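The file protein-v9.cif comes next; it holds mmCIF, C-alpha atoms and all ligand atoms.
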data_work
#
loop_
_atom_site.group_PDB
_atom_site.id
_atom_site.type_symbol
_atom_site.label_atom_id
_atom_site.label_comp_id
_atom_site.auth_asym_id
_atom_site.auth_seq_id
_atom_site.Cartn_x
_atom_site.Cartn_y
_atom_site.Cartn_z
ATOM 1 C CA MET A 1 -0.386 77.582 75.746
ATOM 2 C CA LYS A 2 -1.083 79.185 79.137
ATOM 3 C CA HIS A 3 0.456 78.093 82.433
ATOM 4 C CA PRO A 4 -0.196 81.195 84.570
ATOM 5 C CA PHE A 5 0.819 79.692 87.931
ATOM 6 C CA PHE A 6 3.995 78.019 86.684
ATOM 7 C CA ALA A 7 4.993 80.962 84.487
ATOM 8 C CA ARG A 8 4.877 83.428 87.388
ATOM 9 C CA LEU A 9 6.697 81.021 89.686
ATOM 10 C CA TYR A 10 9.395 80.302 87.085
ATOM 11 C CA ALA A 11 10.005 83.980 86.319
ATOM 12 C CA ARG A 12 10.634 84.519 90.061
ATOM 13 C CA VAL A 13 12.721 81.418 90.701
ATOM 14 C CA ARG A 14 14.861 81.382 87.554
ATOM 15 C CA PRO A 15 17.097 84.353 88.482
ATOM 16 C CA THR A 16 17.707 82.801 91.917
ATOM 17 C CA LEU A 17 18.685 79.479 90.346
ATOM 18 C CA ASP A 18 20.952 81.324 87.936
ATOM 19 C CA GLN A 19 22.731 82.994 90.855
ATOM 20 C CA ALA A 20 23.076 79.584 92.510
ATOM 21 C CA GLY A 21 24.974 78.204 89.516
ATOM 22 C CA ALA A 22 22.590 77.804 86.589
ATOM 23 C CA ALA A 23 24.008 80.927 84.914
ATOM 24 C CA GLU A 24 27.332 79.124 84.587
ATOM 25 C CA HIS A 25 25.523 76.168 82.969
ATOM 26 C CA ARG A 26 23.898 78.577 80.510
ATOM 27 C CA ARG A 27 27.267 80.126 79.718
ATOM 28 C CA ARG A 28 28.745 76.672 79.000
ATOM 29 C CA LEU A 29 25.673 75.717 76.967
ATOM 30 C CA LEU A 30 26.169 78.651 74.614
ATOM 31 C CA ALA A 31 29.961 79.049 74.553
ATOM 32 C CA GLY A 32 31.244 78.949 70.987
ATOM 33 C CA ALA A 33 27.793 79.152 69.388
ATOM 34 C CA ALA A 34 27.793 81.184 66.171
ATOM 35 C CA GLY A 35 25.547 82.210 63.306
ATOM 36 C CA ARG A 36 21.772 81.777 63.250
ATOM 37 C CA VAL A 37 20.262 80.257 66.391
ATOM 38 C CA ILE A 38 16.790 78.940 67.159
ATOM 39 C CA GLU A 39 16.062 78.646 70.874
ATOM 40 C CA ILE A 40 13.028 76.495 71.684
ATOM 41 C CA GLY A 41 10.982 77.292 74.792
ATOM 42 C CA ALA A 42 13.021 80.339 75.757
ATOM 43 C CA GLY A 43 11.002 80.984 78.915
ATOM 44 C CA ASP A 44 11.649 84.428 80.377
ATOM 45 C CA GLY A 45 14.850 84.767 78.378
ATOM 46 C CA GLY A 46 17.358 83.438 80.890
ATOM 47 C CA ASN A 47 19.802 82.409 78.184
ATOM 48 C CA PHE A 48 19.833 85.643 76.231
ATOM 49 C CA ALA A 49 22.579 87.390 78.233
ATOM 50 C CA HIS A 50 24.912 84.451 77.585
ATOM 51 C CA TYR A 51 24.938 84.416 73.774
ATOM 52 C CA PRO A 52 28.436 85.144 72.461
ATOM 53 C CA PRO A 53 28.981 87.953 69.932
ATOM 54 C CA GLU A 54 29.532 85.452 67.088
ATOM 55 C CA VAL A 55 25.777 84.739 67.176
ATOM 56 C CA ALA A 56 24.164 86.780 64.401
ATOM 57 C CA HIS A 57 20.499 86.248 65.296
ATOM 58 C CA VAL A 58 18.419 84.296 67.805
ATOM 59 C CA LEU A 59 14.858 83.245 66.992
ATOM 60 C CA ALA A 60 13.479 82.608 70.475
ATOM 61 C CA VAL A 61 10.279 80.542 70.376
ATOM 62 C CA GLU A 62 8.104 80.702 73.505
ATOM 63 C CA PRO A 63 4.461 79.558 73.682
ATOM 64 C CA GLU A 64 3.545 80.830 77.165
ATOM 65 C CA PRO A 65 2.358 84.476 76.990
ATOM 66 C CA PHE A 66 3.531 85.659 80.434
ATOM 67 C CA LEU A 67 7.000 84.184 79.912
ATOM 68 C CA ARG A 68 7.097 85.450 76.328
ATOM 69 C CA ALA A 69 6.442 89.029 77.551
ATOM 70 C CA HIS A 70 9.361 88.689 79.991
ATOM 71 C CA ALA A 71 11.522 87.288 77.190
ATOM 72 C CA VAL A 72 10.738 90.305 75.007
ATOM 73 C CA ARG A 73 12.049 92.571 77.794
ATOM 74 C CA GLN A 74 15.204 90.460 78.207
ATOM 75 C CA ALA A 75 15.725 90.562 74.442
ATOM 76 C CA SER A 76 15.911 94.358 74.516
ATOM 77 C CA THR A 77 19.106 94.201 76.605
ATOM 78 C CA ALA A 78 20.641 91.076 75.037
ATOM 79 C CA PRO A 79 24.170 91.341 73.604
ATOM 80 C CA VAL A 80 23.003 89.907 70.255
ATOM 81 C CA PRO A 81 19.814 90.396 68.196
ATOM 82 C CA VAL A 82 17.001 88.286 69.682
ATOM 83 C CA GLU A 83 13.566 87.985 68.065
ATOM 84 C CA VAL A 84 10.934 86.506 70.394
ATOM 85 C CA VAL A 85 8.003 84.729 68.737
ATOM 86 C CA ASP A 86 5.056 82.539 69.671
ATOM 87 C CA GLY A 87 5.270 78.885 68.694
ATOM 88 C CA THR A 88 5.750 75.344 69.905
ATOM 89 C CA ALA A 89 8.459 72.732 69.545
ATOM 90 C CA ASP A 90 6.327 70.423 67.425
ATOM 91 C CA ARG A 91 5.813 73.086 64.766
ATOM 92 C CA LEU A 92 8.637 75.601 64.791
ATOM 93 C CA PRO A 93 7.988 78.884 62.969
ATOM 94 C CA ALA A 94 11.171 78.525 60.917
ATOM 95 C CA ALA A 95 12.199 77.313 57.482
ATOM 96 C CA ALA A 96 13.986 74.032 56.869
ATOM 97 C CA ALA A 97 17.774 74.182 57.273
ATOM 98 C CA SER A 98 17.583 77.778 58.526
ATOM 99 C CA ALA A 99 19.589 77.381 61.743
ATOM 100 C CA ASP A 100 23.261 76.810 62.469
ATOM 101 C CA VAL A 101 22.465 75.983 66.088
ATOM 102 C CA VAL A 102 19.312 74.910 67.942
ATOM 103 C CA VAL A 103 19.221 75.448 71.709
ATOM 104 C CA VAL A 104 17.015 73.573 74.170
ATOM 105 C CA SER A 105 17.354 74.293 77.864
ATOM 106 C CA LEU A 106 15.024 72.785 80.430
ATOM 107 C CA VAL A 107 12.357 72.312 77.767
ATOM 108 C CA LEU A 108 12.509 68.716 76.476
ATOM 109 C CA CYS A 109 11.110 67.772 79.895
ATOM 110 C CA SER A 110 7.915 69.633 78.988
ATOM 111 C CA VAL A 111 7.228 69.016 75.300
ATOM 112 C CA PRO A 112 4.339 66.576 74.729
ATOM 113 C CA ASP A 113 6.503 64.280 72.598
ATOM 114 C CA GLN A 114 10.315 64.408 72.506
ATOM 115 C CA ALA A 115 10.602 62.515 69.188
ATOM 116 C CA THR A 116 8.322 65.012 67.435
ATOM 117 C CA ALA A 117 10.223 67.979 68.869
ATOM 118 C CA LEU A 118 13.578 66.484 67.880
ATOM 119 C CA ALA A 119 12.304 65.793 64.355
ATOM 120 C CA GLU A 120 11.528 69.516 64.143
ATOM 121 C CA VAL A 121 15.049 70.292 65.373
ATOM 122 C CA GLN A 122 16.358 68.110 62.528
ATOM 123 C CA ARG A 123 14.182 69.924 60.015
ATOM 124 C CA VAL A 124 15.326 73.437 60.956
ATOM 125 C CA LEU A 125 19.042 72.631 61.410
ATOM 126 C CA ARG A 126 21.296 73.059 58.398
ATOM 127 C CA PRO A 127 23.436 70.048 57.467
ATOM 128 C CA GLY A 128 26.261 69.904 59.997
ATOM 129 C CA GLY A 129 24.342 72.141 62.392
ATOM 130 C CA GLU A 130 24.486 71.640 66.125
ATOM 131 C CA LEU A 131 21.992 70.939 68.894
ATOM 132 C CA ARG A 132 22.975 72.430 72.259
ATOM 133 C CA PHE A 133 21.099 70.944 75.224
ATOM 134 C CA TYR A 134 20.828 71.592 78.968
ATOM 135 C CA GLU A 135 18.113 69.445 80.490
ATOM 136 C CA HIS A 136 17.093 67.781 83.716
ATOM 137 C CA VAL A 137 16.657 64.059 83.170
ATOM 138 C CA ALA A 138 15.815 60.662 84.621
ATOM 139 C CA ALA A 139 17.907 59.460 87.537
ATOM 140 C CA ASP A 140 19.707 56.128 87.383
ATOM 141 C CA PRO A 141 17.566 53.232 88.630
ATOM 142 C CA GLY A 142 17.020 53.540 92.388
ATOM 143 C CA ARG A 143 15.045 55.505 94.935
ATOM 144 C CA LEU A 144 15.215 58.873 93.153
ATOM 145 C CA ALA A 145 14.064 57.302 89.877
ATOM 146 C CA THR A 146 11.059 55.846 91.708
ATOM 147 C CA VAL A 147 10.277 59.253 93.205
ATOM 148 C CA GLN A 148 10.470 60.742 89.703
ATOM 149 C CA ARG A 149 8.042 58.171 88.288
ATOM 150 C CA VAL A 150 5.552 58.875 91.065
ATOM 151 C CA ALA A 151 5.968 62.634 90.654
ATOM 152 C CA ASP A 152 5.373 62.392 86.898
ATOM 153 C CA ALA A 153 2.235 60.296 87.410
ATOM 154 C CA THR A 154 0.754 62.681 89.970
ATOM 155 C CA LEU A 155 1.113 66.397 90.627
ATOM 156 C CA TRP A 156 4.470 67.398 89.094
ATOM 157 C CA PRO A 157 3.327 68.019 85.496
ATOM 158 C CA LEU A 158 0.280 69.921 86.740
ATOM 159 C CA LEU A 159 2.335 72.214 88.980
ATOM 160 C CA ALA A 160 5.320 72.599 86.660
ATOM 161 C CA GLY A 161 3.794 73.501 83.306
ATOM 162 C CA GLY A 162 3.752 69.977 81.861
ATOM 163 C CA CYS A 163 7.279 69.099 83.035
ATOM 164 C CA HIS A 164 8.288 65.436 83.499
ATOM 165 C CA THR A 165 11.267 64.408 85.591
ATOM 166 C CA HIS A 166 11.827 60.830 84.423
ATOM 167 C CA ARG A 167 12.807 61.338 80.786
ATOM 168 C CA ASP A 168 15.962 59.832 79.278
ATOM 169 C CA THR A 169 16.631 62.824 77.068
ATOM 170 C CA ALA A 170 20.119 61.777 75.944
ATOM 171 C CA ALA A 171 18.635 58.507 74.647
ATOM 172 C CA ALA A 172 15.875 60.437 72.871
ATOM 173 C CA ILE A 173 18.471 62.690 71.208
ATOM 174 C CA ARG A 174 20.412 59.652 69.989
ATOM 175 C CA SER A 175 17.223 57.880 68.835
ATOM 176 C CA ALA A 176 16.347 60.958 66.787
ATOM 177 C CA GLY A 177 19.520 60.474 64.723
ATOM 178 C CA PHE A 178 21.969 62.770 66.517
ATOM 179 C CA THR A 179 25.505 61.935 67.562
ATOM 180 C CA ILE A 180 26.322 63.386 70.960
ATOM 181 C CA ASP A 181 29.809 64.953 70.854
ATOM 182 C CA GLN A 182 29.872 66.286 74.412
ATOM 183 C CA LEU A 183 27.881 65.156 77.424
ATOM 184 C CA ASP A 184 28.264 66.293 81.030
ATOM 185 C CA ARG A 185 26.129 64.791 83.776
ATOM 186 C CA PHE A 186 25.705 66.535 87.124
ATOM 187 C CA THR A 187 23.250 67.203 89.910
ATOM 188 C CA PHE A 188 21.854 70.682 90.360
ATOM 189 C CA PRO A 189 21.496 72.110 92.910
ATOM 190 C CA PRO A 190 24.523 70.053 93.994
ATOM 191 C CA ASP A 191 23.665 70.068 97.695
ATOM 192 C CA ARG A 192 20.006 68.927 97.542
ATOM 193 C CA THR A 193 18.156 65.888 96.219
ATOM 194 C CA THR A 194 15.135 66.895 94.140
ATOM 195 C CA PRO A 195 13.201 65.054 91.406
ATOM 196 C CA ALA A 196 14.584 67.551 88.876
ATOM 197 C CA GLY A 197 18.162 67.267 90.150
ATOM 198 C CA PRO A 198 19.927 65.036 87.591
ATOM 199 C CA HIS A 199 21.038 67.161 84.620
ATOM 200 C CA ILE A 200 22.781 66.743 81.292
ATOM 201 C CA LEU A 201 24.551 69.467 79.308
ATOM 202 C CA GLY A 202 26.083 68.910 75.907
ATOM 203 C CA ARG A 203 26.287 69.179 72.143
ATOM 204 C CA ALA A 204 25.016 66.911 69.363
ATOM 205 C CA ARG A 205 25.198 66.795 65.585
ATOM 206 C CA LEU A 206 23.026 65.102 63.032
ATOM 207 C CA THR A 207 24.530 61.799 62.033
ATOM 208 C CA ALA A 208 25.317 61.955 58.320
HETATM 209 C C1 LIG B 1 11.445 75.292 82.769
HETATM 210 S S1 LIG B 1 11.038 76.430 81.517
HETATM 211 C C2 LIG B 1 12.634 76.728 80.795
HETATM 212 C C3 LIG B 1 12.727 78.049 80.123
HETATM 213 C C4 LIG B 1 14.075 78.382 79.491
HETATM 214 N N1 LIG B 1 14.374 77.512 78.385
HETATM 215 C C5 LIG B 1 15.180 78.353 80.500
HETATM 216 O O1 LIG B 1 16.175 77.672 80.273
HETATM 217 O O2 LIG B 1 15.055 79.049 81.534
HETATM 218 C C6 LIG B 1 10.230 75.416 80.288
HETATM 219 C C7 LIG B 1 9.847 76.219 79.076
HETATM 220 O O3 LIG B 1 9.389 75.343 78.043
HETATM 221 C C8 LIG B 1 8.287 75.958 77.420
HETATM 222 N N2 LIG B 1 7.491 74.926 76.734
HETATM 223 C C9 LIG B 1 6.649 74.032 77.272
HETATM 224 N N3 LIG B 1 6.090 73.267 76.326
HETATM 225 C C10 LIG B 1 6.603 73.685 75.156
HETATM 226 C C11 LIG B 1 6.418 73.295 73.789
HETATM 227 N N4 LIG B 1 5.595 72.301 73.473
HETATM 228 N N5 LIG B 1 7.089 73.961 72.844
HETATM 229 C C12 LIG B 1 7.944 74.956 73.171
HETATM 230 N N6 LIG B 1 8.164 75.366 74.428
HETATM 231 C C13 LIG B 1 7.512 74.746 75.408
HETATM 232 C C14 LIG B 1 7.565 76.626 78.554
HETATM 233 O O4 LIG B 1 6.626 77.587 78.126
HETATM 234 C C15 LIG B 1 8.728 77.207 79.330
HETATM 235 O O5 LIG B 1 9.112 78.446 78.840
#
For this file, write the structure as structure tokens.
Amino acid sequence: MKHPFFARLYARVRPTLDQAGAAEHRRRLLAGAAGRVIEIGAGDGGNFAHYPPEVAHVLAVEPEPFLRAHAVRQASTAPVPVEVVDGTADRLPAAAASADVVVVSLVLCSVPDQATALAEVQRVLRPGGELRFYEHVAADPGRLATVQRVADATLWPLLAGGCHTHRDTAAAIRSAGFTIDQLDRFTFPPDRTTPAGPHILGRARLTA
């Protein structure tokens, strides 16, 4: 999967967004995570510095070659062991029930089908395992939601590596059989209105 324009843009913009507050979201996303982690769509490795020492191993799956090369470099300075591999959300290169935690950050906006990706998350999570998510999502009905629909139907996915802004990702997580234990909603950046502004950050478990 190659998105040369978006990949180069994202690798430049991501550190700036992190400085503007996204790093704190990443820290909250990963706080308390432990054991074996699978991170889907790791990008240039923006989360790696935030894994706590209780994490034994991160399998970081990234399909885009430019971003994957950046992720490999980030992995070399990560505080925990990170293995970066090629792969996609709909077919994770991991055994069933092999993960204590699955991490998705800013990626369920881009997968071709959220239900398929979340079924893969179910497959690789051990019973009782946890899904950690940090995603930009659909706005509540209104002007911004309309802008998102238009963006998704026109240039946004082409410019942003297949990203869609008007996805109700919390609903998709619940529909896939997860119970959401924690859910924060916020706008980021807080001082600007953009189609990718509404965010969710939280934790979910498979419903027994
Ligand atoms: C906006 S970037 C986010 C990167 C990283 N997760 C972060 O938080 O900075 C979206 C990422 O999703 C990846 N991606 C897109 N489609 C994917 C798929 N079908 N399976 C796995 N990753 C995918 C992209 O290659 C890219 O790295």
Which centre and edge lengths in Å to one decimal define the box along x, y and z that fits every listed atom of ligand LIG 1 (chain B) plus 4 Å per side, as JSON?
{"center_x": 10.9, "center_y": 75.7, "center_z": 77.8, "size_x": 18.6, "size_y": 14.7, "size_z": 17.9}
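Using only C-alpha atoms, the smallest distance between any of A:Ser110, A:Ser105, A:Thr146, A:Thr194 and Gly161 (chain A) comes from A:Ser110.
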Expected selection from the PyMOL selection byres (((chain A and resi 118) around 10) and not hetatm), given as a PyMOL selection string: chain A and resi 89-90+108+113-117+119-124+131+172-178
As number ranges by chain, please: the residues near Arg205 (chain A) (cut-off 7 Å, all atoms listed in the file, same-chain neighbours under 2 positions excluded). A: 128-131, 178-180, 207
Hey, which residues sit close to ligand LIG 1 (chain B)? Say within 7 Å, counting all atoms listed in the file, and write them as a VMD selection string. chain A and resid 10 14 40 to 47 61 to 64 67 87 to 90 104 to 107 110 to 112 161 to 162
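Remark: for Ala204 (chain A), the closest of the candidate residues A:Arg143, A:His3, A:Arg12, A:Arg132 is A:Arg132 (distances computed over only C-alpha atoms).
From CA of Met1 (chain A) back to CA of Ser98 (chain A), the distance works out to 24.9 Å.
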In Å to one decimal, how far is CA of Arg185 (chain A) from CA of His50 (chain A)? 20.6 Å
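Our summary of the geometry notes that CA of Ala196 (chain A) is positioned 26.9 Å from CA of Leu59 (chain A).
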Using only C-alpha atoms, can you tell me which of A:Leu183, A:Glu135, A:Ala34, A:Ala160 comes closest to Arg203 (chain A)? A:Leu183
Expanded to explicit residues, what is the PyMOL selection byres (((chain A and resi 25) around 12) and not hetatm) for this file, as JSON, numbers by chain? {"A": [17, 18, 19, 20, 21, 22, 23, 24, 26, 27, 28, 29, 30, 31, 46, 47, 50, 105, 106, 132, 133, 134, 135, 136, 184, 185, 186, 187, 188, 189, 199, 200, 201, 202]}
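Of the residues listed (A:Asp168, A:Glu39, A:Glu54, A:Asp86), A:Glu39 shows the shortest atom-to-atom separation from Val101 (chain A); distances use only C-alpha atoms.
Comparing A:Leu206, A:Val137, A:Val58, A:Leu155 by their smallest distance to Val80 (chain A), the closest is A:Val58 (using all atoms listed in the file).
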Can you tell me which residues surround Val37 (chain A) at a distance of at most 8 Å, considering only C-alpha atoms, apart from same-chain residues fewer than 6 positions away, and format the answer as a compact mmCIF listing (two decimals) with C-alpha atoms, in the frame of the given file?
# COMPACT_ATOMS: atom_id res chain seq x y z
CA VAL A 55 25.78 84.74 67.18
CA ALA A 56 24.16 86.78 64.40
CA HIS A 57 20.50 86.25 65.30
CA VAL A 58 18.42 84.30 67.81
CA LEU A 59 14.86 83.24 66.99
CA ALA A 99 19.59 77.38 61.74
CA ASP A 100 23.26 76.81 62.47
CA VAL A 101 22.46 75.98 66.09
CA VAL A 102 19.31 74.91 67.94
CA VAL A 103 19.22 75.45 71.71
Exercise: Cys163 (chain A) partners within 7 Å, all atoms listed in the file, chain neighbours under 5 positions left out, as a compact mmCIF listing (two decimals) with C-alpha atoms, keeping the file's coordinate frame:
# COMPACT_ATOMS: atom_id res chain seq x y z
CA CYS A 109 11.11 67.77 79.90
CA SER A 110 7.92 69.63 78.99
CA TRP A 156 4.47 67.40 89.09
CA PRO A 157 3.33 68.02 85.50
